[in-house]
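S.K.: Just one file: structure.cif, with mmCIF, C-alpha atoms.
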```cif
data_my_file
loop_
_atom_site.label_atom_id
_atom_site.label_comp_id
_atom_site.auth_asym_id
_atom_site.auth_seq_id
_atom_site.Cartn_x
_atom_site.Cartn_y
_atom_site.Cartn_z
CA MET A 6 -42.82 113.68 35.65
CA ARG A 7 -40.18 111.04 36.33
CA GLY A 8 -41.26 109.16 33.21
CA LEU A 9 -40.85 112.25 31.11
CA LEU A 10 -37.48 112.97 32.66
CA GLY A 11 -36.34 109.44 31.99
CA PHE A 12 -37.44 109.67 28.38
CA LEU A 13 -35.70 112.98 27.84
CA LEU A 14 -32.51 111.73 29.45
CA SER A 15 -32.52 108.66 27.25
CA VAL A 16 -32.90 110.89 24.17
CA VAL A 17 -30.08 113.13 25.34
CA LEU A 18 -27.76 110.22 25.90
CA ALA A 19 -28.65 108.49 22.66
CA ALA A 20 -28.58 111.59 20.46
CA PRO A 21 -24.88 111.58 19.52
CA ILE A 22 -24.71 107.84 18.95
CA ALA A 23 -24.88 106.61 15.42
CA ALA A 24 -24.26 102.95 14.94
CA ALA A 25 -24.97 101.75 11.45
CA ASP A 26 -22.72 99.10 9.99
CA GLU A 27 -22.84 98.08 6.36
CA TRP A 28 -20.71 95.49 4.67
CA SER A 29 -20.45 93.52 1.47
CA VAL A 30 -18.17 91.06 -0.27
CA ASP A 31 -17.68 90.51 -3.95
CA ALA A 32 -15.86 87.61 -5.59
CA SER A 33 -14.74 86.89 -9.12
CA PRO A 34 -17.11 84.45 -10.81
CA THR A 35 -14.27 82.88 -12.77
CA ALA A 36 -11.69 82.39 -10.01
CA ASP A 37 -11.04 78.90 -8.69
CA PHE A 38 -10.68 79.56 -4.98
CA THR A 39 -9.67 75.98 -4.21
CA ARG A 40 -6.25 76.55 -5.79
CA PHE A 41 -5.30 79.33 -3.37
CA LYS A 42 -3.32 77.83 -0.49
CA THR A 43 -1.12 80.68 0.67
CA PHE A 44 -1.33 84.42 1.17
CA THR A 45 1.05 87.34 1.56
CA LEU A 46 -0.01 90.31 3.60
CA GLY A 47 0.94 93.42 1.68
CA GLY A 48 0.49 97.05 2.54
CA THR A 49 -2.05 98.41 4.97
CA ARG A 50 -2.86 102.05 4.32
CA VAL A 51 -4.71 104.28 6.76
CA GLU A 52 -6.17 107.52 5.47
CA SER A 53 -7.42 109.30 8.54
CA GLY A 54 -6.52 112.31 10.61
CA ARG A 55 -7.48 110.43 13.77
CA PRO A 56 -4.33 109.58 15.74
CA GLU A 57 -5.96 106.47 17.19
CA LEU A 58 -6.33 105.04 13.66
CA ASP A 59 -3.28 106.48 11.91
CA ASN A 60 -0.50 104.59 13.67
CA ASP A 61 1.46 101.35 13.37
CA LEU A 62 -0.01 99.83 16.54
CA PHE A 63 -3.54 99.93 15.15
CA VAL A 64 -2.33 98.61 11.79
CA LYS A 65 -0.73 95.67 13.59
CA GLN A 66 -4.04 94.90 15.33
CA VAL A 67 -5.90 94.82 12.03
CA GLN A 68 -3.19 92.72 10.39
CA ALA A 69 -3.23 90.24 13.28
CA ALA A 70 -7.00 89.86 12.89
CA ILE A 71 -6.59 89.26 9.14
CA ARG A 72 -3.78 86.72 9.66
CA SER A 73 -5.70 84.67 12.21
CA THR A 74 -8.89 84.64 10.16
CA LEU A 75 -7.20 83.63 6.90
CA ALA A 76 -5.28 80.93 8.77
CA ALA A 77 -8.57 79.65 10.13
CA ARG A 78 -9.87 79.58 6.53
CA GLY A 79 -7.05 77.20 5.59
CA LEU A 80 -4.57 79.64 4.07
CA ALA A 81 -0.92 79.66 5.15
CA GLU A 82 1.01 82.90 5.31
CA THR A 83 4.19 83.32 3.28
CA ALA A 84 6.53 86.28 3.46
CA ALA A 85 6.39 86.81 -0.30
CA GLN A 86 4.70 85.53 -3.45
CA GLY A 87 1.74 83.86 -1.85
CA ASP A 88 -1.10 82.65 -4.04
CA LEU A 89 -3.07 85.64 -2.80
CA ALA A 90 -1.76 89.13 -2.10
CA VAL A 91 -3.78 90.85 0.61
CA SER A 92 -4.01 94.63 0.66
CA VAL A 93 -5.95 96.76 3.12
CA VAL A 94 -7.11 100.37 3.02
CA ILE A 95 -8.83 102.05 5.95
CA THR A 96 -10.37 105.46 5.32
CA GLY A 97 -11.59 107.43 8.31
CA GLU A 98 -14.14 110.20 8.31
CA ASP A 99 -15.48 112.52 10.99
CA VAL A 100 -19.13 113.20 10.35
CA SER A 101 -20.99 116.25 11.59
CA THR A 102 -24.72 116.23 11.06
CA THR A 103 -27.96 116.79 12.94
CA GLY A 104 -30.42 114.58 14.68
CA ARG A 105 -34.02 115.11 15.59
CA GLY A 106 -34.42 117.04 18.80
CA VAL A 107 -37.22 116.57 21.27
CA SER A 108 -40.31 118.52 22.06
CA ILE A 109 -41.93 118.63 25.45
CA ALA A 110 -45.20 120.00 26.70
CA GLY A 111 -44.98 123.62 27.75
CA PRO A 112 -47.02 125.26 30.45
CA ARG A 113 -50.77 124.72 30.22
CA GLY A 114 -52.21 126.00 26.98
CA SER A 115 -48.89 127.15 25.55
CA GLY A 116 -48.35 124.17 23.28
CA ARG A 117 -45.00 122.42 23.06
CA ILE A 118 -41.41 123.53 23.38
CA SER A 119 -38.98 122.05 20.88
CA THR A 120 -35.21 121.99 20.81
CA GLY A 121 -35.14 121.86 17.02
CA PRO A 122 -32.42 119.75 15.40
CA VAL A 123 -29.49 118.83 17.62
CA SER A 124 -25.85 118.52 16.62
CA VAL A 125 -24.61 114.96 16.13
CA ARG A 126 -20.99 114.06 15.45
CA TYR A 127 -19.64 110.59 14.98
CA ALA A 128 -16.65 108.71 13.61
CA ALA A 129 -16.86 106.52 10.53
CA ALA A 130 -14.38 104.31 8.73
CA THR A 131 -14.44 102.27 5.57
CA LEU A 132 -12.32 99.14 5.56
CA VAL A 133 -11.50 97.64 2.17
CA ILE A 134 -9.73 94.27 1.93
CA ASP A 135 -8.59 93.16 -1.50
CA LEU A 136 -7.30 89.73 -2.46
CA LYS A 137 -5.31 89.59 -5.65
CA ALA A 138 -4.33 86.33 -7.35
CA ALA A 139 -0.61 85.95 -8.03
CA GLY A 140 0.34 85.63 -11.66
CA ALA A 141 -3.11 86.41 -12.97
CA ASP A 142 -2.62 90.01 -11.85
CA ALA A 143 -6.31 90.22 -11.05
CA PHE A 144 -8.37 90.98 -8.01
CA VAL A 145 -10.46 87.98 -7.13
CA TRP A 146 -12.16 89.10 -3.93
CA ARG A 147 -13.07 92.36 -2.25
CA GLY A 148 -14.66 92.96 1.12
CA VAL A 149 -15.92 96.39 2.16
CA TYR A 150 -17.01 97.26 5.68
CA ARG A 151 -18.35 100.67 6.66
CA ASP A 152 -18.48 101.16 10.38
CA GLU A 153 -20.01 104.15 12.14
CA GLU A 154 -19.40 104.61 15.83
CA SER A 155 -20.07 107.41 18.27
CA THR A 156 -16.37 107.64 19.20
CA GLY A 157 -12.94 106.95 17.74
CA SER A 158 -12.08 104.53 20.54
CA LYS A 159 -15.04 102.35 19.55
CA LEU A 160 -13.81 102.34 15.95
CA VAL A 161 -10.37 101.20 17.12
CA ALA A 162 -11.97 98.36 19.04
CA LYS A 163 -14.38 97.37 16.25
CA LEU A 164 -12.36 97.50 13.03
CA PRO A 165 -10.22 94.39 13.68
CA SER A 166 -13.37 92.35 14.28
CA ASP A 167 -14.95 93.95 11.19
CA ALA A 168 -11.99 92.63 9.18
CA GLN A 169 -12.60 89.18 10.64
CA LYS A 170 -16.28 89.37 9.80
CA LEU A 171 -15.48 90.13 6.16
CA LEU A 172 -12.89 87.38 5.82
CA LYS A 173 -15.20 84.79 7.33
CA GLU A 174 -17.02 85.12 4.00
CA TYR A 175 -13.90 83.78 2.28
CA PRO A 176 -13.93 81.63 0.21
CA PRO A 177 -17.26 82.29 -1.49
CA SER A 178 -19.67 79.57 -0.40
CA ARG A 179 -20.36 78.29 -3.90
CA PRO A 180 -18.95 78.74 -7.37
CA ARG A 181 -20.62 81.57 -9.19
CA MET B 117 -41.18 124.18 33.90
CA ARG B 118 -37.74 124.72 35.38
CA VAL B 119 -37.05 121.03 34.88
CA ALA B 120 -38.08 121.31 31.23
CA ALA B 121 -35.78 124.29 30.73
CA ALA B 122 -32.93 122.40 32.36
CA MET B 123 -33.54 119.43 30.09
CA LEU B 124 -33.52 121.67 27.02
CA GLY B 125 -30.25 123.17 28.17
CA LEU B 126 -28.86 119.71 28.71
CA LEU B 127 -29.93 118.67 25.23
CA LEU B 128 -28.26 121.63 23.63
CA THR B 129 -24.98 120.89 25.37
CA SER B 130 -25.27 117.11 25.13
CA VAL B 131 -22.70 116.82 22.37
CA ALA B 132 -20.13 118.76 24.35
CA LEU B 133 -20.84 116.76 27.47
CA SER B 134 -20.64 113.36 25.87
CA ALA B 135 -17.76 113.84 23.44
CA ASP B 136 -14.84 112.95 25.71
CA ASP B 137 -13.24 109.79 24.50
CA HIS B 138 -9.96 108.03 24.93
CA ALA B 139 -8.11 105.09 23.44
CA VAL B 140 -4.89 103.34 24.39
CA LEU B 141 -2.98 101.20 21.90
CA PHE B 142 0.16 99.22 22.53
CA ASP B 143 2.28 96.49 21.03
CA ASP B 144 1.31 93.39 22.96
CA HIS B 145 4.54 91.65 21.92
CA VAL B 146 6.59 94.18 23.87
CA ASP B 147 7.67 93.51 27.43
CA PHE B 148 7.22 96.96 28.95
CA SER B 149 9.03 95.92 32.11
CA ARG B 150 12.29 96.11 30.14
CA LEU B 151 11.81 99.87 29.77
CA LYS B 152 13.63 101.21 32.81
CA THR B 153 14.42 104.75 31.70
CA PHE B 154 12.79 107.46 29.63
CA SER B 155 13.50 110.89 28.24
CA LEU B 156 10.92 113.52 27.38
CA SER B 157 10.84 114.91 23.87
CA THR B 158 9.73 118.40 22.90
CA PRO B 159 5.92 118.68 22.89
CA GLY B 160 4.18 119.30 19.61
CA VAL B 161 1.45 121.88 20.08
CA THR B 162 -0.32 122.60 16.80
CA THR B 163 -2.68 125.31 17.97
CA THR B 164 -2.35 129.02 18.54
CA ARG B 165 -4.92 129.08 21.35
CA PRO B 166 -3.11 130.82 24.23
CA GLU B 167 -4.83 128.55 26.76
CA LEU B 168 -3.08 125.58 25.15
CA THR B 169 0.28 127.14 24.33
CA SER B 170 0.69 128.22 27.94
CA PRO B 171 4.07 127.22 29.45
CA VAL B 172 2.21 126.53 32.69
CA LEU B 173 0.09 123.88 30.99
CA ALA B 174 3.21 122.45 29.33
CA SER B 175 4.91 122.09 32.71
CA LYS B 176 1.78 120.51 34.22
CA LEU B 177 1.64 117.94 31.43
CA ALA B 178 5.36 117.21 31.69
CA ALA B 179 4.93 116.74 35.43
CA GLY B 180 2.00 114.42 34.77
CA LEU B 181 4.12 112.32 32.43
CA ARG B 182 6.96 112.16 34.96
CA THR B 183 4.57 111.12 37.74
CA ALA B 184 2.90 108.42 35.64
CA LEU B 185 6.17 106.96 34.40
CA ALA B 186 7.79 107.11 37.83
CA ALA B 187 4.79 105.21 39.19
CA ALA B 188 5.60 102.53 36.61
CA GLY B 189 9.15 102.35 37.93
CA MET B 190 10.83 104.30 35.13
CA LYS B 191 13.56 106.85 35.73
CA GLU B 192 14.17 109.97 33.70
CA LEU B 193 17.44 110.42 31.84
CA ASP B 194 18.58 113.31 29.71
CA GLN B 195 19.90 110.99 27.01
CA ASN B 196 20.34 107.33 26.08
CA ALA B 197 17.09 106.33 27.76
CA ASP B 198 15.26 103.13 26.84
CA ALA B 199 12.20 105.04 25.67
CA THR B 200 11.33 108.46 24.33
CA VAL B 201 8.06 109.91 25.59
CA GLY B 202 6.31 112.85 24.02
CA TYR B 203 2.92 114.43 23.58
CA THR B 204 1.09 116.52 21.02
CA LEU B 205 -1.90 118.81 21.45
CA ASN B 206 -4.23 119.69 18.63
CA ALA B 207 -7.33 121.87 18.94
CA THR B 208 -10.34 122.50 16.72
CA ASP B 209 -13.04 125.06 17.44
CA PHE B 210 -16.63 124.27 16.54
CA GLY B 211 -19.63 126.50 16.02
CA ILE B 212 -23.20 125.30 15.88
CA GLY B 213 -24.90 126.57 12.72
CA PRO B 214 -28.47 127.85 12.49
CA PHE B 215 -29.75 124.38 11.62
CA GLY B 216 -28.05 122.64 14.51
CA ARG B 217 -25.00 121.30 12.67
CA ALA B 218 -21.53 121.66 14.16
CA HIS B 219 -18.97 123.25 11.85
CA ALA B 220 -15.22 123.10 12.40
CA LEU B 221 -14.02 126.69 12.48
CA THR B 222 -10.76 127.19 10.70
CA PRO B 223 -9.03 130.58 10.84
CA GLY B 224 -9.60 132.63 7.72
CA ARG B 225 -12.48 130.50 6.59
CA ARG B 226 -15.05 132.24 4.43
CA GLY B 227 -18.76 131.66 4.09
CA PRO B 228 -21.48 131.31 6.73
CA ALA B 229 -19.46 128.92 8.91
CA GLY B 230 -16.63 131.43 9.08
CA ALA B 231 -18.87 133.89 10.86
CA LEU B 232 -20.02 131.47 13.56
CA PRO B 233 -18.97 132.05 17.15
CA VAL B 234 -17.06 129.30 18.94
CA ASP B 235 -19.50 127.09 20.82
CA TYR B 236 -16.99 124.51 21.96
CA THR B 237 -13.43 123.34 21.37
CA ASP B 238 -12.17 119.82 20.77
CA VAL B 239 -8.66 119.09 21.97
CA THR B 240 -6.81 115.92 21.07
CA LEU B 241 -3.97 114.93 23.37
CA VAL B 242 -1.71 112.21 21.98
CA VAL B 243 0.99 110.63 24.12
CA ASP B 244 3.54 108.41 22.39
CA ILE B 245 6.13 106.10 23.89
CA SER B 246 8.74 104.99 21.39
CA ASP B 247 11.68 102.68 21.51
CA ARG B 248 14.74 104.91 21.64
CA PRO B 249 17.10 102.98 19.36
CA GLY B 250 14.69 102.48 16.48
CA GLY B 251 11.99 105.03 17.18
CA THR B 252 9.37 102.28 16.92
CA LEU B 253 6.04 103.25 18.43
CA LEU B 254 5.35 101.00 21.43
CA TRP B 255 2.43 102.70 23.14
CA ARG B 256 -0.02 105.45 22.21
CA GLY B 257 -2.69 107.11 24.30
CA VAL B 258 -5.23 109.41 22.63
CA TYR B 259 -7.63 111.60 24.58
CA HIS B 260 -10.33 113.71 22.90
CA ASP B 261 -11.66 116.34 25.27
CA THR B 262 -14.45 118.76 24.48
CA GLU B 263 -15.09 121.87 26.52
CA THR B 264 -17.32 124.89 26.03
CA LYS B 265 -14.79 127.12 27.78
CA ALA B 266 -11.22 126.82 26.54
CA GLY B 267 -9.91 128.04 29.89
CA LYS B 268 -11.00 124.74 31.37
CA PHE B 269 -8.40 122.77 29.43
CA ALA B 270 -5.64 123.83 31.80
CA GLU B 271 -7.55 122.06 34.54
CA VAL B 272 -8.79 118.96 32.69
CA LEU B 273 -5.89 118.03 30.39
CA PRO B 274 -3.54 116.93 33.21
CA LYS B 275 -6.39 114.72 34.51
CA ASP B 276 -6.97 113.36 31.00
CA LEU B 277 -3.28 112.50 30.75
CA ALA B 278 -3.42 110.68 34.09
CA LYS B 279 -6.41 108.70 32.84
CA LEU B 280 -4.44 107.50 29.81
CA PHE B 281 -1.82 106.05 32.15
CA GLU B 282 -4.28 104.32 34.49
CA LYS B 283 -3.35 100.89 33.14
CA PHE B 284 0.30 101.56 32.39
CA PRO B 285 2.42 99.54 31.91
CA PRO B 286 0.19 97.25 29.86
CA ARG B 287 0.43 93.56 30.50
CA ARG B 288 1.36 91.20 27.71
CA LYS B 289 -1.48 89.01 26.47
#
```
Using the file provided, produce a representation of the structure as structure tokens.
M.R.:
Amino acid sequence: MRGLLGFLLSVVLAAPIAAADEWSVDASPTADFTRFKTFTLGGTRVESGRPELDNDLFVKQVQAAIRSTLAARGLAETAAQGDLAVSVVITGEDVSTTGRGVSIAGPRGSGRISTGPVSVRYAAATLVIDLKAAGADAFVWRGVYRDEESTGSKLVAKLPSDAQKLLKEYPPSRPR
Amino acid sequence: MRVAAAMLGLLLTSVALSADDHAVLFDDHVDFSRLKTFSLSTPGVTTTRPELTSPVLASKLAAGLRTALAAAGMKELDQNADATVGYTLNATDFGIGPFGRAHALTPGRRGPAGALPVDYTDVTLVVDISDRPGGTLLWRGVYHDTETKAGKFAEVLPKDLAKLFEKFPPRRK
């Protein structure tokens, strides 16, 4: 009985948690990334009704993560007219869906009792980082990270490191 | 069998039980010890739920703010304070549809979701501390609380507010 209880409890606790991250980067095949030495951090736009995401303090956290990662990749920040203009858009989404419920054995001979589908809600955000080459007026690199977390506070904690994960892919490892 | 029934009940309410969440954000370049005084701004309550528009709840939350800030060594002033402190409350009712999905219930909504009864209510409490001269946001605490009975918010929201201030003032990194 304890085993069954343990199993059911674990299902109950895990039911609302959805944690599926997906990310990709795309780079221009014609851009010469070796010529980019500086960057300028432009606007960061947050499109979310969540107050933990839609505020200047969170934006500063994401921008600090971007600054430190680009600096580590050999790019120096300039206040204006850098070789690369960095723009960031974060779009939040509250998802309401269902998850599989559980069924347990009923009294002897009565078959199984099932909860049917259970309500699952989670917070998702899509982070898009664009790098645009100065002068050429063309986007040369885009990173997209979709993060799904069970709570908004986890999104707040994760998105700055998601930005770092994307930018660690800069510059593209080999010419395309 | 009773255990199984209890587990089923627990499953059905699991979302409501596990949905409380809070986050605290602050500017880590700010020395919060320089904030010696504060003034409270008018609360922003964007719900018509009488449990949340209650003046009693408003006074409890204001008292909670005063207690938390006094514990951090800040004094209240009517004007010209170093920081402005305010809170907002927002509520959304949810109904569980026939296939188990939670629908946000908005007043006047049509269609099947509009006819659903309220199964639980999400309340978001946001506390902001801003620099008085410039109005720059220095600290934000966000608490999402979910309850199946809206009457419970009067009891839990002051505790939620206290939880946001557990580590106030934040230390610079």
S.K.: Please indicate the distance in Å from CA of Leu160 (chain A) to CA of Leu58 (chain A), rounded to one decimal place.
M.R.: 8.3 Å
S.K.: Counting only C-alpha atoms, note down every residue that has an atom within 12 Å of the point (-1.6, 102.3, 12.8) (file coordinates), as JSON, numbers by chain.
M.R.: {"A": [48, 49, 50, 51, 52, 53, 54, 55, 56, 57, 58, 59, 60, 61, 62, 63, 64, 65, 66, 67, 68, 93, 94, 95, 96, 161, 164, 165], "B": [141, 142, 143, 252, 253, 254, 255, 256]}
S.K.: Report the residues retrieved by the PyMOL selection byres ((chain A and resi 151-153) around 8) from the displayed file, expressed as a PyMOL selection string.
M.R.: chain A and resi 23-28+127-132+149-150+154-155+160+164
S.K.: Can you tell me which residues surround region 269-282 of chain B at a distance of at most 6 Å, considering all atoms listed in the file, apart from same-chain residues fewer than 5 positions away, and format the answer as a PyMOL selection string?
M.R.: chain B and resi 173+177+257
S.K.: Do me a favour and pick out the residues of chain A within 7 Å of chain B, using only C-alpha atoms, as a PDB file with C-alpha atoms, in the coordinates of the input.
M.R.:
```pdb
ATOM      1  CA  VAL A  17     -30.080 113.130  25.340  1.00  0.00           C
ATOM      2  CA  PRO A  21     -24.880 111.580  19.520  1.00  0.00           C
ATOM      3  CA  PRO A  56      -4.330 109.580  15.740  1.00  0.00           C
ATOM      4  CA  GLU A  57      -5.960 106.470  17.190  1.00  0.00           C
ATOM      5  CA  LEU A  62      -0.010  99.830  16.540  1.00  0.00           C
ATOM      6  CA  PHE A  63      -3.540  99.930  15.150  1.00  0.00           C
ATOM      7  CA  SER A 101     -20.990 116.250  11.590  1.00  0.00           C
ATOM      8  CA  THR A 102     -24.720 116.230  11.060  1.00  0.00           C
ATOM      9  CA  THR A 103     -27.960 116.790  12.940  1.00  0.00           C
ATOM     10  CA  PRO A 112     -47.020 125.260  30.450  1.00  0.00           C
ATOM     11  CA  THR A 120     -35.210 121.990  20.810  1.00  0.00           C
ATOM     12  CA  PRO A 122     -32.420 119.750  15.400  1.00  0.00           C
ATOM     13  CA  VAL A 123     -29.490 118.830  17.620  1.00  0.00           C
ATOM     14  CA  SER A 124     -25.850 118.520  16.620  1.00  0.00           C
ATOM     15  CA  VAL A 125     -24.610 114.960  16.130  1.00  0.00           C
ATOM     16  CA  THR A 156     -16.370 107.640  19.200  1.00  0.00           C
ATOM     17  CA  SER A 158     -12.080 104.530  20.540  1.00  0.00           C
TER      18      SER A 158
END
```
S.K.: Figure out the distance between CA of Thr262 (chain B) and CA of Thr208 (chain B), please, to one decimal in Å.
M.R.: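 Taking CA of Thr208 (chain B) and CA of Thr262 (chain B), their separation equals 9.5 Å.
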S.K.: If we count only C-alpha atoms, what is near Lys137 (chain A) at a cut-off of 12 Å, once residues fewer than 3 positions away on the same chain are taken out, given as a PyMOL selection string?
M.R.: chain A and resi 32-33+36+38+41+43-47+86-93+134+140-147
S.K.: Write a file of the just-selected residues containing C-alpha atoms, as a PDB file, in the coordinates of the input.
M.R.:
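Output saved as out.pdb:
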```
ATOM      1  CA  ALA A  32     -15.860  87.610  -5.590  1.00  0.00           C
ATOM      2  CA  SER A  33     -14.740  86.890  -9.120  1.00  0.00           C
ATOM      3  CA  ALA A  36     -11.690  82.390 -10.010  1.00  0.00           C
ATOM      4  CA  PHE A  38     -10.680  79.560  -4.980  1.00  0.00           C
ATOM      5  CA  PHE A  41      -5.300  79.330  -3.370  1.00  0.00           C
ATOM      6  CA  THR A  43      -1.120  80.680   0.670  1.00  0.00           C
ATOM      7  CA  PHE A  44      -1.330  84.420   1.170  1.00  0.00           C
ATOM      8  CA  THR A  45       1.050  87.340   1.560  1.00  0.00           C
ATOM      9  CA  LEU A  46      -0.010  90.310   3.600  1.00  0.00           C
ATOM     10  CA  GLY A  47       0.940  93.420   1.680  1.00  0.00           C
ATOM     11  CA  GLN A  86       4.700  85.530  -3.450  1.00  0.00           C
ATOM     12  CA  GLY A  87       1.740  83.860  -1.850  1.00  0.00           C
ATOM     13  CA  ASP A  88      -1.100  82.650  -4.040  1.00  0.00           C
ATOM     14  CA  LEU A  89      -3.070  85.640  -2.800  1.00  0.00           C
ATOM     15  CA  ALA A  90      -1.760  89.130  -2.100  1.00  0.00           C
ATOM     16  CA  VAL A  91      -3.780  90.850   0.610  1.00  0.00           C
ATOM     17  CA  SER A  92      -4.010  94.630   0.660  1.00  0.00           C
ATOM     18  CA  VAL A  93      -5.950  96.760   3.120  1.00  0.00           C
ATOM     19  CA  ILE A 134      -9.730  94.270   1.930  1.00  0.00           C
ATOM     20  CA  GLY A 140       0.340  85.630 -11.660  1.00  0.00           C
ATOM     21  CA  ALA A 141      -3.110  86.410 -12.970  1.00  0.00           C
ATOM     22  CA  ASP A 142      -2.620  90.010 -11.850  1.00  0.00           C
ATOM     23  CA  ALA A 143      -6.310  90.220 -11.050  1.00  0.00           C
ATOM     24  CA  PHE A 144      -8.370  90.980  -8.010  1.00  0.00           C
ATOM     25  CA  VAL A 145     -10.460  87.980  -7.130  1.00  0.00           C
ATOM     26  CA  TRP A 146     -12.160  89.100  -3.930  1.00  0.00           C
ATOM     27  CA  ARG A 147     -13.070  92.360  -2.250  1.00  0.00           C
TER      28      ARG A 147
END
```
S.K.: Could you tell me which of A:Gly148, A:Val100, A:Gly111, A:Ser166 comes closest to Ser29 (chain A) if we count all atoms listed in the file?
M.R.: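 Distance minimum relative to Ser29 (chain A) lands on A:Gly148.
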